[in-house]
Every structure is written in structure tokens, then in C-alpha cells.
>>> print(open('target.csv').read())   # CSV, C-alpha atoms
chain,number,residue,atom,x,y,z
A,56,MET,CA,-11.7,46.9,41.9
A,57,ARG,CA,-10.5,46.2,45.5
A,58,ARG,CA,-13.9,45.0,46.6
A,59,GLN,CA,-14.0,42.5,43.7
A,60,ALA,CA,-10.5,41.2,44.6
A,61,ARG,CA,-11.6,40.7,48.2
A,62,ALA,CA,-14.7,38.9,47.0
A,63,ASP,CA,-12.7,36.6,44.7
A,64,GLU,CA,-10.2,35.9,47.6
A,65,TYR,CA,-13.1,34.9,49.9
A,66,ALA,CA,-14.7,32.7,47.2
A,67,GLU,CA,-11.4,30.8,46.7
A,68,PHE,CA,-11.0,30.4,50.5
A,69,ALA,CA,-14.6,29.2,50.9
A,70,THR,CA,-14.3,26.7,48.0
A,71,VAL,CA,-11.1,25.2,49.4
A,72,ARG,CA,-12.3,25.0,53.0
A,73,ALA,CA,-15.9,24.1,52.7
A,74,GLY,CA,-15.3,20.4,52.5
A,75,HIS,CA,-13.2,20.3,55.6
A,76,LEU,CA,-15.6,22.5,57.5
A,77,TYR,CA,-18.4,20.2,56.4
A,78,ARG,CA,-16.6,17.1,57.6
A,79,SER,CA,-15.9,18.7,61.0
A,80,ALA,CA,-19.5,19.9,61.2
A,81,CYS,CA,-20.7,16.3,60.6
A,82,LEU,CA,-18.6,15.1,63.5
A,83,LEU,CA,-19.8,17.9,65.7
A,84,THR,CA,-23.4,17.1,64.9
A,85,ALA,CA,-22.8,13.3,65.2
A,86,GLY,CA,-23.8,12.7,61.6
A,87,ASP,CA,-26.7,15.2,61.2
A,88,THR,CA,-25.8,16.2,57.7
A,89,HIS,CA,-28.6,18.7,57.4
A,90,LEU,CA,-27.5,20.6,60.5
A,91,ALA,CA,-23.9,20.3,59.4
A,92,GLU,CA,-24.7,22.0,56.1
A,93,ASP,CA,-26.5,24.7,58.0
A,94,LEU,CA,-23.6,25.2,60.4
A,95,VAL,CA,-21.1,25.5,57.5
A,96,GLN,CA,-23.4,28.0,55.7
A,97,GLU,CA,-23.7,30.1,58.8
A,98,THR,CA,-19.9,29.9,59.4
A,99,LEU,CA,-19.2,30.9,55.8
A,100,GLY,CA,-21.7,33.8,56.1
A,101,ARG,CA,-20.0,35.1,59.2
A,102,LEU,CA,-16.6,34.9,57.6
A,103,TYR,CA,-17.9,36.7,54.5
A,104,VAL,CA,-19.2,39.6,56.6
A,105,SER,CA,-15.8,40.1,58.3
A,106,TRP,CA,-13.5,38.8,55.5
A,107,GLY,CA,-11.5,42.0,55.4
A,108,ARG,CA,-10.3,41.4,58.9
A,109,VAL,CA,-10.3,37.6,58.7
A,110,SER,CA,-8.1,37.5,55.6
A,111,ARG,CA,-5.4,39.3,57.5
A,112,VAL,CA,-5.2,36.8,60.5
A,113,GLU,CA,-2.3,34.4,60.6
A,114,ASN,CA,-4.4,31.3,60.1
A,115,PRO,CA,-7.8,31.9,58.4
A,116,ALA,CA,-8.5,28.2,58.2
A,117,GLY,CA,-8.0,27.9,62.0
A,118,TYR,CA,-10.2,30.9,62.5
A,119,ALA,CA,-12.9,29.3,60.3
A,120,GLN,CA,-12.8,26.1,62.4
A,121,THR,CA,-13.1,28.3,65.6
A,122,VAL,CA,-16.2,30.1,64.1
A,123,LEU,CA,-17.7,26.7,63.2
A,124,THR,CA,-17.2,25.3,66.7
A,125,ARG,CA,-18.6,28.3,68.3
A,126,THR,CA,-21.6,28.4,65.9
A,127,PHE,CA,-22.3,24.7,66.8
A,128,LEU,CA,-22.1,25.4,70.5
A,129,ALA,CA,-24.4,28.4,70.2
A,130,HIS,CA,-26.8,26.3,68.2
A,131,GLN,CA,-26.9,23.7,70.9
A,132,ARG,CA,-27.7,26.3,73.5
A,133,ARG,CA,-30.6,27.8,71.6
A,134,ARG,CA,-32.1,24.6,70.2
A,135,SER,CA,-35.9,24.7,70.5
A,136,SER,CA,-37.4,22.1,72.7
A,137,THR,CA,-39.7,21.0,69.9
A,138,GLU,CA,-36.9,19.7,67.8
A,139,ARG,CA,-36.0,16.1,68.3
A,140,ALA,CA,-32.8,14.4,67.1
A,141,THR,CA,-33.2,11.0,65.5
A,142,ASP,CA,-30.8,8.1,65.5
A,143,VAL,CA,-32.2,6.9,62.1
A,144,LEU,CA,-29.9,7.8,59.2
A,145,PRO,CA,-31.2,8.0,55.7
A,146,ASP,CA,-30.1,5.4,53.2
A,147,ARG,CA,-26.8,6.4,51.6
A,148,PRO,CA,-24.6,4.6,49.1
A,149,THR,CA,-21.6,3.0,50.6
A,150,ASP,CA,-18.2,3.9,49.3
A,151,GLY,CA,-16.1,1.8,51.5
A,152,SER,CA,-15.9,-1.0,54.0
A,153,ASP,CA,-15.6,1.3,57.0
A,154,THR,CA,-19.3,2.4,56.9
A,155,PRO,CA,-20.2,0.3,60.0
A,156,LEU,CA,-17.3,1.8,61.9
A,157,ARG,CA,-18.3,5.3,60.9
A,158,LEU,CA,-21.9,4.8,61.9
A,159,THR,CA,-20.9,3.2,65.2
A,160,LEU,CA,-18.6,6.2,66.0
A,161,LEU,CA,-21.2,8.8,64.9
A,162,GLN,CA,-23.8,7.1,67.1
A,163,ALA,CA,-21.5,7.1,70.0
A,164,LEU,CA,-20.6,10.7,69.4
A,165,SER,CA,-24.3,11.6,69.3
A,166,ARG,CA,-24.7,10.3,72.9
A,167,LEU,CA,-22.1,12.7,74.2
A,168,PRO,CA,-23.1,16.2,75.5
A,169,ALA,CA,-22.4,18.9,73.0
A,170,LYS,CA,-19.4,20.4,74.8
A,171,ASP,CA,-17.8,16.9,75.3
A,172,ARG,CA,-18.3,16.2,71.6
A,173,ALA,CA,-16.8,19.5,70.7
A,174,VAL,CA,-13.7,18.7,72.8
A,175,VAL,CA,-13.3,15.3,71.1
A,176,VAL,CA,-13.6,16.8,67.6
A,177,LEU,CA,-11.2,19.7,68.3
A,178,ARG,CA,-8.6,17.6,70.1
A,179,TYR,CA,-8.7,14.4,68.1
A,180,TRP,CA,-10.2,15.3,64.7
A,181,GLU,CA,-8.7,18.8,64.3
A,182,ASP,CA,-5.6,17.8,66.2
A,183,ARG,CA,-5.6,21.0,68.3
A,184,SER,CA,-3.7,21.4,71.5
A,185,ILE,CA,-5.4,21.7,74.9
A,186,GLU,CA,-4.7,25.4,74.9
A,187,GLU,CA,-6.1,26.0,71.5
A,188,THR,CA,-9.2,23.9,72.4
A,189,ALA,CA,-9.6,25.9,75.6
A,190,ASP,CA,-9.4,29.2,73.6
A,191,VAL,CA,-12.0,28.1,71.0
A,192,MET,CA,-14.4,27.0,73.7
A,193,HIS,CA,-13.8,29.9,76.1
A,194,VAL,CA,-12.9,27.6,79.0
A,195,SER,CA,-9.7,26.8,81.0
A,196,SER,CA,-7.1,24.2,80.0
A,197,ALA,CA,-8.1,22.2,83.1
A,198,ALA,CA,-11.7,22.1,81.9
A,199,VAL,CA,-10.6,20.8,78.5
A,200,ARG,CA,-8.6,18.1,80.2
A,201,THR,CA,-11.5,17.1,82.4
A,202,ARG,CA,-13.9,17.0,79.4
A,203,CYS,CA,-11.4,14.9,77.4
A,204,VAL,CA,-11.1,12.3,80.1
A,205,ARG,CA,-14.8,12.2,80.7
A,206,ALA,CA,-15.7,12.1,77.0
A,207,LEU,CA,-13.1,9.4,76.1
A,208,GLY,CA,-14.3,7.4,79.1
A,209,ARG,CA,-17.9,7.7,78.0
A,210,LEU,CA,-16.9,6.7,74.4
A,211,ARG,CA,-15.1,3.6,75.8
A,212,GLU,CA,-18.2,2.8,77.8
A,213,LEU,CA,-20.5,3.2,74.8
A,214,LEU,CA,-18.3,1.4,72.3
A,215,GLY,CA,-16.9,-1.3,74.6
A,216,GLU,CA,-15.4,-4.1,72.6
A,217,SER,CA,-17.5,-3.3,69.5
A,218,LEU,CA,-14.6,-1.5,67.8
A,219,ASP,CA,-12.4,-4.6,67.9
A,220,GLU,CA,-14.5,-6.3,65.2
A,221,TYR,CA,-14.0,-3.2,62.9
A,222,ALA,CA,-10.3,-2.8,63.5
A,223,ARG,CA,-9.4,-6.3,62.4
A,224,PRO,CA,-7.9,-6.5,58.9
>>> encode(input="target.csv", output="C-alpha cells")
Amino acid sequence: MRRQARADEYAEFATVRAGHLYRSACLLTAGDTHLAEDLVQETLGRLYVSWGRVSRVENPAGYAQTVLTRTFLAHQRRRSSTERATDVLPDRPTDGSDTPLRLTLLQALSRLPAKDRAVVVLRYWEDRSIEETADVMHVSSAAVRTRCVRALGRLRELLGESLDEYARP
């Protein structure tokens, strides 16, 4: 009976959080939707295995984001040299006028090193503090600040004035 209740609780959590985890994973992977799906599945699998402990933490959603980020960073470290990322995205239906902006941002994110990309996603997409980001990435607060400055500078360099055309009403 208790096991079923725990399984139901996990299923509800996974259903509610999967979409947000997927969106974060898409940003971390700079638009690689297949890898994003894999990362979300691996994250949810890890959470399932330790759900008894995870369900008792103060913020299970934050814990899930931390697991996702660490899973992404681990994947980047172990990536086989035979795998090649591509900048060609499959055709997708457009559901809004911000598609060019999204593609431009995803392309720029893809050109950042994995750790810089993770810092940008955690700080500006997840709206985490410098200390929270440092904790997730197992680095110092100073390292997070340095990576933020470097990553934002690189994004400005990559994007230049191109965002102005998308920001106009």
C-alpha cells in the first residue's frame, strides 16, 4: 500500500515537472531535442530510484533541476568523439512569430562551452542565485561570476546587433 502511494506521488511529480525539465534541457543542449529528451528521462529515472529520499527534501522541483544540470554536465564530459553535433534543425511547425529569435538564441547558446551554457541557463532561465548555481555546479561563487561575465560577453559578441531586429514590436 505504501509503495503504491509513493509510486503515485512520483508519477504525479514527474507529470507536472517533465515539461519544465524538458524546456530547461532544450536550453542546456542548445536545441538538441533528442538529447534533451534523453536527459529528462535519465533525470526522471534517477529521481525514481531515490524518490523516498527526494520526496522529503524541501524543494523537490529544485532538486530535479539540479539533477538535470549535473546529468547534462556529466554527459558533456563523457561524450564520444565520434558524435558530432549539427547546426541543422529539423523542420518544425511554427507556433509564433518569435521562432527566428529562438533559433538565433539557441544557435548562440550552442557555441558556448557546456559549463558556460549551464551557468547562463541556471542564472537567467532558472533564475537561480549565484550561490545556488555554484552549489549545483560544484564550483565557487567567484567561478560562477566569472563564467557569467565570460558567457554573456560571448553571447553579445555572437549576437551583436542581430537581436535588435527581433526585439522591435
>>> residues_around(input="target.csv", residues="Val199 in chain A", least_positions_apart="2", cutoff="9 Å", atoms="all atoms listed in the file", output="list in words")
Asp171, Val174, Ile185, Glu186, Thr188, Ala189, Met192, Val194, Ser195, Ser196, Ala197, Thr201, Arg202, Cys203 and Val204 of chain A
>>> residues_around(input="target.csv", residues="range 111-115 of chain A", least_positions_apart="4", cutoff="12 Å", atoms="only C-alpha atoms", output="ChimeraX atom specification")
/A:61,64-65,68-69,71-72,99,102-103,105-107,119-122
>>> write_last_selection(input="target.csv", atoms="C-alpha atoms", output="compact mmCIF listing (two decimals), keeping the file's coordinate frame")
# COMPACT_ATOMS: atom_id res chain seq x y z
CA ARG A 61 -11.60 40.70 48.20
CA GLU A 64 -10.20 35.90 47.60
CA TYR A 65 -13.10 34.90 49.90
CA PHE A 68 -11.00 30.40 50.50
CA ALA A 69 -14.60 29.20 50.90
CA VAL A 71 -11.10 25.20 49.40
CA ARG A 72 -12.30 25.00 53.00
CA LEU A 99 -19.20 30.90 55.80
CA LEU A 102 -16.60 34.90 57.60
CA TYR A 103 -17.90 36.70 54.50
CA SER A 105 -15.80 40.10 58.30
CA TRP A 106 -13.50 38.80 55.50
CA GLY A 107 -11.50 42.00 55.40
CA ALA A 119 -12.90 29.30 60.30
CA GLN A 120 -12.80 26.10 62.40
CA THR A 121 -13.10 28.30 65.60
CA VAL A 122 -16.20 30.10 64.10
>>> residues_around(input="target.csv", residues="range 158-162 of chain A", least_positions_apart="6", cutoff="7 Å", atoms="only C-alpha atoms", output="ChimeraX atom specification")
/A:82,85-86
>>> closest_residue(input="target.csv", among="A:Arg178, A:Phe127, A:Leu210, A:Tyr118", to="Gln96 in chain A", atoms="only C-alpha atoms")
A:Phe127
>>> closest_residue(input="target.csv", among="A:Arg108, A:Arg172, A:Arg57, A:Arg166", to="Glu212 in chain A", atoms="all atoms listed in the file")
A:Arg166
>>> atom_distance(input="target.csv", atom1="CA of Leu94 in chain A", atom2="CA of Thr154 in chain A")
23.5 Å
>>> closest_residue(input="target.csv", among="A:Cys81, A:Leu213, A:Val109, A:Leu76", to="Val95 in chain A", atoms="only C-alpha atoms")
A:Leu76
>>> closest_residue(input="target.csv", among="A:Ala198, A:Ala62, A:Ala116, A:Ala206", to="Leu167 in chain A", atoms="only C-alpha atoms")
A:Ala206
>>> atom_distance(input="target.csv", atom1="CA of Val191 in chain A", atom2="CA of Thr126 in chain A")
10.9 Å
>>> closest_residue(input="target.csv", among="A:Ala60, A:Ala66, A:Ala129, A:Val104", to="Ala173 in chain A", atoms="only C-alpha atoms")
A:Ala129
>>> atom_distance(input="target.csv", atom1="CA of His89 in chain A", atom2="CA of Arg157 in chain A")
17.3 Å
>>> closest_residue(input="target.csv", among="A:Arg183, A:Asp190, A:Lys170, A:Gly117", to="Leu83 in chain A", atoms="all atoms listed in the file")
A:Lys170
